[in-house]
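Structure record follows, encoded as structure tokens.
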Amino acid sequence: MVTRGSVLLVLGRGFVSAFLLALAVVVLYPLLWMVLNGVKSNAELFGNPFALPVAWRWENYATAWNRGVGDYLMTSVLVTVTSTLATVFISAWAAYGLTRVRIPFSRTVLILILAGLMLAPTVALIPLVRMFQAMGLYNTFWALLILYTAFRIPFTTFLIRAYMMDLPAEVDEAAAVDGASKARAFWQVIMPMCRPIIVSTVILNILFTWNEYLFAMIFTSGGDFQTLPVGLTNLMSRHGTDYPVVFAGMVIAAAPVIVLFFAGQRYFIRGLADGIGK
Amino acid sequence: MTVANSARAAAVPVAGAGVRNLPSPPARAGRKDARGWRNLIWVLPAIGLLAAFVYLPLVQNLGFSVLEWDIYSGGQTFVGAENYARMFEDPIFWKSVVNNLWYAGISIVFQVFGALVLAALIEGLRSDRWRRTLRAVYFIPSAVSLTVAGLLFYFIYEPQMGILNAALDGAGIGQFTQAWLGQENTAIFGIIAMSQWQGFGYCTLLFAVALQRIPTELYEAAAIDGVGPFRRFFSISLPLVREMSSLMMIVTVSGAFQVFNEVMVMTGGGPNNSSQVLGTWLYRSGFVKNDFGYASAIATAIFVITLSLAVLQLWYSRRRRVEW
């Protein structure tokens with residue numbers, strides 16, 4: 001029997017599905033447009049914007065790569081790998097100290113580290129510029145490595161610490177009985193047990209570093225050492241009329257993190273959920 | 001809101017809660033280091049980096065804001081509160097604050113309320129595969145950097161090659177076509193719209209995770225009692241994710257006051273400073289107009305606003321959580 005309620009329910013479901021699909025199109029179409037524009041010619045770009053490419057000009061990607069995107073990509077990889085490793089290592093080291101070792105003024109130390117979460121990087125910008133100019137590190141790799149590590153320690157320590165607090169104390173006692181030093185217990189017992197949270201923090205830090213713009217622009221835009229976000233805006237201003245190449249560069253910049261997201265979706269979602277405070 | 005921003009700010013509340021009292025290690029006789037000073041080696045790298053590159057510049061900034069200062073010639077003069085007085089009389093400063101507020105308000109509508117409704121709709125789907133697929137699809141723009149998304153939307157809004165005007169023409173409402181980023185009254189809203197596109201999937205994902213934690217028995221019991229989907233949303237979902245919503249709201253507002261990347265990429269604050277936000281106005285004052293004392297005063301304003309929001313967030317998280 002068809003009741004008024006069930007008709008409404010079916011209509012409602014249909015409406016919801018249509019809405020969700022339409023939204024998916026709104027999300028995906030601009031990205032598809034970006035990829036397609038990357039293989040068009042400049043003339044096509046100014047023709048019908050919805051048209052498919054006449055010939056697929058994959059050489060645009062090679063052109064983008066040779067006009068600097070290759071260098072930007074290598075720089076981004078270098079900065080991302082080093083700062084992620086440094087951040088996660090220093091944070092895990094500190095989290096261990098905060099949860100499993102007795103240290104003086106531990107409460108103060110904890111507050112000092114975690115209060116860093118509340119501070120916007122913009123606020124420290126101008127003094128930092130002066131500081132790095134004085135140290136001679138302006139426009140160098142070191143500026144980004146130091147800044148990304150320093151500003152990501154609070155958040156990363158917060159996540160790893162929360163995880164370590166839940167590990168039973170017996171673990172340390174067992175290690176102590178075995179005669180392992182604290183450092184060995186850290187490396188051989190605790191770190192392996194923390195693998196899920198380590199993977200999550202690594203992914204979150206990669207996402208942050210790969211896409212960071214403010215520090216990258218202020219601290220490296222003057223030199224020839226640039227990460228992708230800054231490099232892309234340069235590509236745009238230097239070769240502004242050759243738009244398909246810019247689109248190709250954008251795809252090269254966006255692809256790695258999207259691939260990483262789909263490859264490690266489980267960890268990604270877990271990490272993000274941890275990040276917002278469970 | 002961006003992933004980095006929200007994650008940074010969001011983590012604050014739970015942090016303060018529950019420091020575990022460690023059992024004291026067995027006292028070893030004859031050791032001088034009774035309090036364990038040597039153990040500071042564990043936290044020293046973190047504390048050192050934070051002190052030198054986060055806290056020290058923060059304090060220095062306050063000092064800079066009372067100077068008139070030319071970074072290139074090195075000339076500095078003490079001017080007291082003059083930079084702050086100038087700031088409060090600067091129409092572009094206020095324009096920036098208003099734009100930041102627009103950013104916050106619109107983001108609350110789409111990335112807090114909109115994302116919550118969307119998450120509820122997705123979780124209401126019967127097919128698990130569709131649920132997972134949609135969550136992932138909506139998240140993709142958040143994995144794309146704001147620089148790429150900003151450039152992409154710069155082209156989408158572009159009058160000659162962009163798809164927005166072309167789509168309006170195609171839909172027969174060509175009278176609405178315009179140079180979205182080239183006009184003073186639309187530029188900031190074009191940027192904000194891009195930011196919603198980029199960030200809503202991230203918030204939806206977080207709400208979806210929160211909704212999944214609500215036991216299904218509650219919904220089943222309500223359904224048996226003949227409660228419709230709307231009431232189920234308002235009577236079960238909404239109250240149980242209220243904490244998450246308040247958190248997201250504060251995080252979103254805090255993020256809205258730190259906006260920089262997308263404005264820089266899409267308009268640089270133009271045309272005629274109409275899309276300026278605090279971050280870009282700070283940049284322009286300091287690094288383009290070489291007025292570093294003034295830029296430091298703007299930085300202090302951002303500091304006061306974001307810190308107040310963080311304290312508010314902390315206060316929220318200290319209140320009792322909803323238990324079930």
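Chains: A, B, ... in order of the structure tokens. Residues: from 1 per chain. Ligands: from 1, in order shown.
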As a ChimeraX atom specification, please: all residues of stretch 193-270 of chain B that backbone DSSP puts in helix (DSSP H, G or I). /B:193-212,216-224,229-240,242-256,261-266
Let me see the file: selected residues, C-alpha atoms, as an mmCIF file, in the first residue's frame.
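Done, and the output landed in again-v2.cif:
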```cif
data_model
loop_
_atom_site.group_PDB
_atom_site.id
_atom_site.type_symbol
_atom_site.label_atom_id
_atom_site.label_comp_id
_atom_site.auth_asym_id
_atom_site.auth_seq_id
_atom_site.Cartn_x
_atom_site.Cartn_y
_atom_site.Cartn_z
ATOM 1 C CA ALA B 193 33.240 31.542 -2.380
ATOM 2 C CA MET B 194 36.449 29.819 -3.506
ATOM 3 C CA SER B 195 37.378 29.221 0.095
ATOM 4 C CA GLN B 196 34.008 27.532 0.767
ATOM 5 C CA TRP B 197 34.570 25.254 -2.215
ATOM 6 C CA GLN B 198 38.013 24.414 -0.909
ATOM 7 C CA GLY B 199 37.131 23.850 2.731
ATOM 8 C CA PHE B 200 33.598 22.479 3.135
ATOM 9 C CA GLY B 201 34.564 18.853 2.450
ATOM 10 C CA TYR B 202 37.081 18.875 5.270
ATOM 11 C CA CYS B 203 34.465 20.065 7.764
ATOM 12 C CA THR B 204 31.951 17.572 6.384
ATOM 13 C CA LEU B 205 34.440 14.780 6.961
ATOM 14 C CA LEU B 206 34.972 15.843 10.567
ATOM 15 C CA PHE B 207 31.231 16.051 11.232
ATOM 16 C CA ALA B 208 30.755 12.667 9.582
ATOM 17 C CA VAL B 209 33.297 11.181 11.995
ATOM 18 C CA ALA B 210 31.439 12.812 14.921
ATOM 19 C CA LEU B 211 28.075 11.538 13.692
ATOM 20 C CA GLN B 212 29.424 8.011 13.304
ATOM 21 C CA THR B 216 22.755 3.723 15.900
ATOM 22 C CA GLU B 217 20.369 2.384 18.548
ATOM 23 C CA LEU B 218 19.276 5.943 19.257
ATOM 24 C CA TYR B 219 18.164 6.405 15.659
ATOM 25 C CA GLU B 220 16.602 2.957 15.477
ATOM 26 C CA ALA B 221 14.601 3.554 18.650
ATOM 27 C CA ALA B 222 13.436 6.914 17.325
ATOM 28 C CA ALA B 223 12.475 5.404 13.972
ATOM 29 C CA ILE B 224 10.447 2.701 15.704
ATOM 30 C CA PRO B 229 14.190 12.224 9.592
ATOM 31 C CA PHE B 230 13.946 15.946 10.333
ATOM 32 C CA ARG B 231 13.157 15.456 13.976
ATOM 33 C CA ARG B 232 15.800 12.770 14.246
ATOM 34 C CA PHE B 233 18.345 15.322 12.986
ATOM 35 C CA PHE B 234 17.221 18.073 15.353
ATOM 36 C CA SER B 235 16.585 15.882 18.396
ATOM 37 C CA ILE B 236 19.443 13.393 18.178
ATOM 38 C CA SER B 237 22.233 14.424 15.789
ATOM 39 C CA LEU B 238 22.336 18.130 16.536
ATOM 40 C CA PRO B 239 22.527 17.943 20.361
ATOM 41 C CA LEU B 240 25.101 15.156 20.258
ATOM 42 C CA ARG B 242 26.981 20.325 19.611
ATOM 43 C CA GLU B 243 30.403 20.272 21.156
ATOM 44 C CA MET B 244 32.006 19.583 17.790
ATOM 45 C CA SER B 245 29.950 22.391 16.250
ATOM 46 C CA SER B 246 31.018 24.968 18.831
ATOM 47 C CA LEU B 247 34.592 23.892 18.386
ATOM 48 C CA MET B 248 34.370 24.140 14.614
ATOM 49 C CA MET B 249 32.777 27.539 14.877
ATOM 50 C CA ILE B 250 35.599 28.970 16.956
ATOM 51 C CA VAL B 251 38.198 27.294 14.763
ATOM 52 C CA THR B 252 36.521 28.676 11.648
ATOM 53 C CA VAL B 253 36.384 32.215 13.001
ATOM 54 C CA SER B 254 39.991 32.016 14.159
ATOM 55 C CA GLY B 255 41.016 30.761 10.715
ATOM 56 C CA ALA B 256 39.022 33.549 9.063
ATOM 57 C CA ASN B 261 47.137 32.863 0.929
ATOM 58 C CA GLU B 262 44.048 32.984 -1.271
ATOM 59 C CA VAL B 263 43.659 36.760 -1.138
ATOM 60 C CA MET B 264 47.313 37.209 -2.029
ATOM 61 C CA VAL B 265 47.048 34.840 -4.987
ATOM 62 C CA MET B 266 43.686 35.978 -6.346
#
```
Who sits within 9 Å of B:Val277, only C-alpha atoms, same chain under 6 positions skipped, as a list of chain:residue names: B:Ile92, B:Phe93, B:Lys95, B:Ser96, B:Val97, B:Val98, B:Asn99, B:Asn100, B:Phe257, B:Gln258, B:Val259, B:Phe260, B:Val263, B:Gly269
Preceding selection exported with N, CA and C atoms as a compact mmCIF listing (two decimals), in the first residue's frame:
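Saved file again.txt follows:
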```txt
# COMPACT_ATOMS: atom_id res chain seq x y z
N ILE B 92 41.42 51.48 5.66
CA ILE B 92 41.70 50.17 5.05
C ILE B 92 41.83 49.10 6.13
N PHE B 93 42.34 49.51 7.32
CA PHE B 93 42.37 48.56 8.44
C PHE B 93 40.96 48.09 8.74
N LYS B 95 38.35 48.28 6.78
CA LYS B 95 37.86 47.52 5.62
C LYS B 95 38.31 46.06 5.75
N SER B 96 39.58 45.87 6.15
CA SER B 96 40.12 44.52 6.31
C SER B 96 39.37 43.76 7.39
N VAL B 97 39.12 44.44 8.52
CA VAL B 97 38.39 43.77 9.61
C VAL B 97 37.02 43.33 9.12
N VAL B 98 36.34 44.22 8.38
CA VAL B 98 35.01 43.88 7.86
C VAL B 98 35.11 42.67 6.92
N ASN B 99 36.12 42.67 6.05
CA ASN B 99 36.28 41.53 5.14
C ASN B 99 36.56 40.24 5.91
N ASN B 100 37.39 40.32 6.95
CA ASN B 100 37.64 39.14 7.78
C ASN B 100 36.34 38.67 8.43
N PHE B 257 40.35 34.96 10.55
CA PHE B 257 41.17 36.14 10.85
C PHE B 257 42.63 35.95 10.47
N GLN B 258 42.98 34.76 10.00
CA GLN B 258 44.35 34.52 9.57
C GLN B 258 44.46 34.34 8.07
N VAL B 259 43.39 34.63 7.36
CA VAL B 259 43.39 34.44 5.91
C VAL B 259 44.51 35.25 5.26
N PHE B 260 45.22 34.64 4.33
CA PHE B 260 46.29 35.35 3.65
C PHE B 260 46.48 34.83 2.23
N VAL B 263 43.83 35.35 -0.77
CA VAL B 263 43.66 36.76 -1.14
C VAL B 263 44.89 37.24 -1.90
N GLY B 269 44.62 41.85 -2.66
CA GLY B 269 43.95 42.84 -1.83
C GLY B 269 43.16 43.86 -2.64
```
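Counting from atom CA of A:Leu128, the distance to atom CA of B:Pro57 is 6.0 Å.
Considering the residues A:Leu23, A:Leu78, A:Phe158, A:Thr122 and counting only C-alpha atoms, B:Trp281 has its shortest atom-to-atom contact with A:Thr122.
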Suppose you want the space between atom CA of A:Leu117 and atom CA of B:Leu278; what is it in Å? 20.0 Å
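Once B:Ala310 and its same-chain neighbours fewer than 2 positions away are set aside, Ala115, Leu117, Met118 and Leu119 of chain A; Ala9, Ala10, Val12, Pro13, Ile250, Val251, Ser254, Val304, Ile305, Thr306, Leu307, Ser308, Leu312, Gln313, Leu314, Trp315 and Tyr316 of chain B remain within 10 Å of it when counting only C-alpha atoms.
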I'd like the contact shell of A:Ile197 - 10 Å cut-off, only C-alpha atoms, skipping same-chain residues fewer than 2 positions apart - returned as a ChimeraX atom specification. /A:156,159-164,191,193-195,199-203,267,270-271,274
Taking into account only C-alpha atoms, which residue in the set A:Thr140, A:Leu31, A:Asn234, A:Gly97 is nearest to A:Ala255? A:Leu31
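Atom CA of B:Ala52 is found 13.7 Å from atom CA of A:Ala134.
For the set A:Pro121, A:Pro104, A:Gly70, A:Pro256, the residue with the smallest atom-to-atom gap to A:Leu207 is A:Pro256, counting only C-alpha atoms.
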For stretch 169-177 of chain B, please output as a PyMOL selection string all residues within 12 Å (counting only C-alpha atoms; exclusion window: fewer than 2 positions along the same chain). (chain A and resi 48-50) or (chain B and resi 157-160+162-167+179-181+183+186)
Non-local contacts of A:Ala150 (12 Å; only C-alpha atoms; under 6 positions in same chain excluded) as a VMD selection string: (chain A and resid 83 to 84 86 to 88 90 to 91 113 116 to 117 119 121 124 128 142 to 144 156 to 157) or (chain B and resid 45 to 55)
Export, as a PDB file, in the first residue's frame, the selected residues with N, CA and C atoms.
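Ended up saving to part20.pdb:
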```
ATOM      1  N   SER A  83      61.421  18.562   6.865  1.00  0.00           N
ATOM      2  CA  SER A  83      60.725  19.202   7.985  1.00  0.00           C
ATOM      3  C   SER A  83      59.728  18.246   8.630  1.00  0.00           C
ATOM      4  N   THR A  84      59.146  17.345   7.841  1.00  0.00           N
ATOM      5  CA  THR A  84      58.242  16.369   8.445  1.00  0.00           C
ATOM      6  C   THR A  84      59.013  15.433   9.372  1.00  0.00           C
ATOM      7  N   ALA A  86      61.908  16.020  10.852  1.00  0.00           N
ATOM      8  CA  ALA A  86      62.385  16.766  12.020  1.00  0.00           C
ATOM      9  C   ALA A  86      61.238  17.015  12.997  1.00  0.00           C
ATOM     10  N   THR A  87      60.096  17.442  12.473  1.00  0.00           N
ATOM     11  CA  THR A  87      58.959  17.750  13.339  1.00  0.00           C
ATOM     12  C   THR A  87      58.500  16.519  14.108  1.00  0.00           C
ATOM     13  N   VAL A  88      58.301  15.405  13.387  1.00  0.00           N
ATOM     14  CA  VAL A  88      57.753  14.222  14.040  1.00  0.00           C
ATOM     15  C   VAL A  88      58.768  13.655  15.032  1.00  0.00           C
ATOM     16  N   ILE A  90      61.285  15.280  16.712  1.00  0.00           N
ATOM     17  CA  ILE A  90      61.428  16.145  17.892  1.00  0.00           C
ATOM     18  C   ILE A  90      60.162  16.092  18.748  1.00  0.00           C
ATOM     19  N   SER A  91      59.003  16.018  18.085  1.00  0.00           N
ATOM     20  CA  SER A  91      57.741  15.989  18.826  1.00  0.00           C
ATOM     21  C   SER A  91      57.571  14.674  19.581  1.00  0.00           C
ATOM     22  N   ILE A 113      54.798  24.180  25.495  1.00  0.00           N
ATOM     23  CA  ILE A 113      54.753  23.539  24.176  1.00  0.00           C
ATOM     24  C   ILE A 113      53.364  23.659  23.566  1.00  0.00           C
ATOM     25  N   GLY A 116      51.744  26.970  22.094  1.00  0.00           N
ATOM     26  CA  GLY A 116      52.139  27.345  20.746  1.00  0.00           C
ATOM     27  C   GLY A 116      51.034  27.104  19.728  1.00  0.00           C
ATOM     28  N   LEU A 117      50.087  26.239  20.092  1.00  0.00           N
ATOM     29  CA  LEU A 117      48.963  25.951  19.203  1.00  0.00           C
ATOM     30  C   LEU A 117      48.098  27.168  18.952  1.00  0.00           C
ATOM     31  N   LEU A 119      48.992  30.300  18.631  1.00  0.00           N
ATOM     32  CA  LEU A 119      49.607  31.488  18.066  1.00  0.00           C
ATOM     33  C   LEU A 119      49.599  31.460  16.543  1.00  0.00           C
ATOM     34  N   PRO A 121      50.903  32.304  12.917  1.00  0.00           N
ATOM     35  CA  PRO A 121      52.229  32.591  12.366  1.00  0.00           C
ATOM     36  C   PRO A 121      52.381  34.038  11.902  1.00  0.00           C
ATOM     37  N   ALA A 124      54.169  36.543  14.246  1.00  0.00           N
ATOM     38  CA  ALA A 124      55.612  36.513  14.464  1.00  0.00           C
ATOM     39  C   ALA A 124      56.400  36.906  13.213  1.00  0.00           C
ATOM     40  N   LEU A 128      60.583  37.654  12.717  1.00  0.00           N
ATOM     41  CA  LEU A 128      61.264  36.499  12.133  1.00  0.00           C
ATOM     42  C   LEU A 128      62.079  36.893  10.903  1.00  0.00           C
ATOM     43  N   TRP A 142      67.203  26.497   4.919  1.00  0.00           N
ATOM     44  CA  TRP A 142      67.177  26.409   6.378  1.00  0.00           C
ATOM     45  C   TRP A 142      66.061  27.210   6.998  1.00  0.00           C
ATOM     46  N   ALA A 143      65.747  28.353   6.389  1.00  0.00           N
ATOM     47  CA  ALA A 143      64.672  29.184   6.928  1.00  0.00           C
ATOM     48  C   ALA A 143      63.368  28.385   6.978  1.00  0.00           C
ATOM     49  N   LEU A 144      63.051  27.718   5.865  1.00  0.00           N
ATOM     50  CA  LEU A 144      61.792  26.965   5.827  1.00  0.00           C
ATOM     51  C   LEU A 144      61.843  25.761   6.748  1.00  0.00           C
ATOM     52  N   THR A 156      51.914  18.577  16.646  1.00  0.00           N
ATOM     53  CA  THR A 156      52.378  17.197  16.520  1.00  0.00           C
ATOM     54  C   THR A 156      52.634  16.583  17.892  1.00  0.00           C
ATOM     55  N   THR A 157      53.254  17.354  18.786  1.00  0.00           N
ATOM     56  CA  THR A 157      53.501  16.853  20.142  1.00  0.00           C
ATOM     57  C   THR A 157      52.179  16.549  20.842  1.00  0.00           C
TER      58      THR A 157
ATOM     59  N   PRO B  45      64.927  20.096  22.768  1.00  0.00           N
ATOM     60  CA  PRO B  45      64.840  20.512  21.353  1.00  0.00           C
ATOM     61  C   PRO B  45      63.529  21.239  21.039  1.00  0.00           C
ATOM     62  N   ALA B  46      62.432  20.687  21.529  1.00  0.00           N
ATOM     63  CA  ALA B  46      61.128  21.306  21.253  1.00  0.00           C
ATOM     64  C   ALA B  46      61.041  22.683  21.893  1.00  0.00           C
ATOM     65  N   ILE B  47      61.400  22.759  23.188  1.00  0.00           N
ATOM     66  CA  ILE B  47      61.314  24.036  23.896  1.00  0.00           C
ATOM     67  C   ILE B  47      62.247  25.070  23.272  1.00  0.00           C
ATOM     68  N   GLY B  48      63.438  24.638  22.910  1.00  0.00           N
ATOM     69  CA  GLY B  48      64.406  25.561  22.332  1.00  0.00           C
ATOM     70  C   GLY B  48      63.895  26.179  21.034  1.00  0.00           C
ATOM     71  N   LEU B  49      63.396  25.341  20.139  1.00  0.00           N
ATOM     72  CA  LEU B  49      62.897  25.842  18.856  1.00  0.00           C
ATOM     73  C   LEU B  49      61.707  26.782  19.066  1.00  0.00           C
ATOM     74  N   LEU B  50      60.813  26.392  19.976  1.00  0.00           N
ATOM     75  CA  LEU B  50      59.640  27.229  20.217  1.00  0.00           C
ATOM     76  C   LEU B  50      60.039  28.569  20.821  1.00  0.00           C
ATOM     77  N   ALA B  51      60.954  28.527  21.780  1.00  0.00           N
ATOM     78  CA  ALA B  51      61.366  29.765  22.437  1.00  0.00           C
ATOM     79  C   ALA B  51      61.997  30.716  21.428  1.00  0.00           C
ATOM     80  N   ALA B  52      62.883  30.182  20.593  1.00  0.00           N
ATOM     81  CA  ALA B  52      63.628  31.045  19.681  1.00  0.00           C
ATOM     82  C   ALA B  52      62.776  31.540  18.514  1.00  0.00           C
ATOM     83  N   PHE B  53      61.905  30.684  17.978  1.00  0.00           N
ATOM     84  CA  PHE B  53      61.256  31.044  16.721  1.00  0.00           C
ATOM     85  C   PHE B  53      59.748  31.280  16.821  1.00  0.00           C
ATOM     86  N   VAL B  54      59.182  31.046  17.998  1.00  0.00           N
ATOM     87  CA  VAL B  54      57.762  31.340  18.158  1.00  0.00           C
ATOM     88  C   VAL B  54      57.555  32.398  19.233  1.00  0.00           C
ATOM     89  N   TYR B  55      58.097  32.145  20.432  1.00  0.00           N
ATOM     90  CA  TYR B  55      57.809  33.067  21.541  1.00  0.00           C
ATOM     91  C   TYR B  55      58.630  34.349  21.466  1.00  0.00           C
TER      92      TYR B  55
END
```
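Checking B:Val241, B:Leu56, B:Leu116, B:Val43 one by one against chain A, counting only C-alpha atoms, you find the shortest gap at B:Val43.
Closest approach to A:Trp33 among A:Leu235, A:Ile258, A:Ala180, A:Val251 is made by A:Val251 (distances from only C-alpha atoms).
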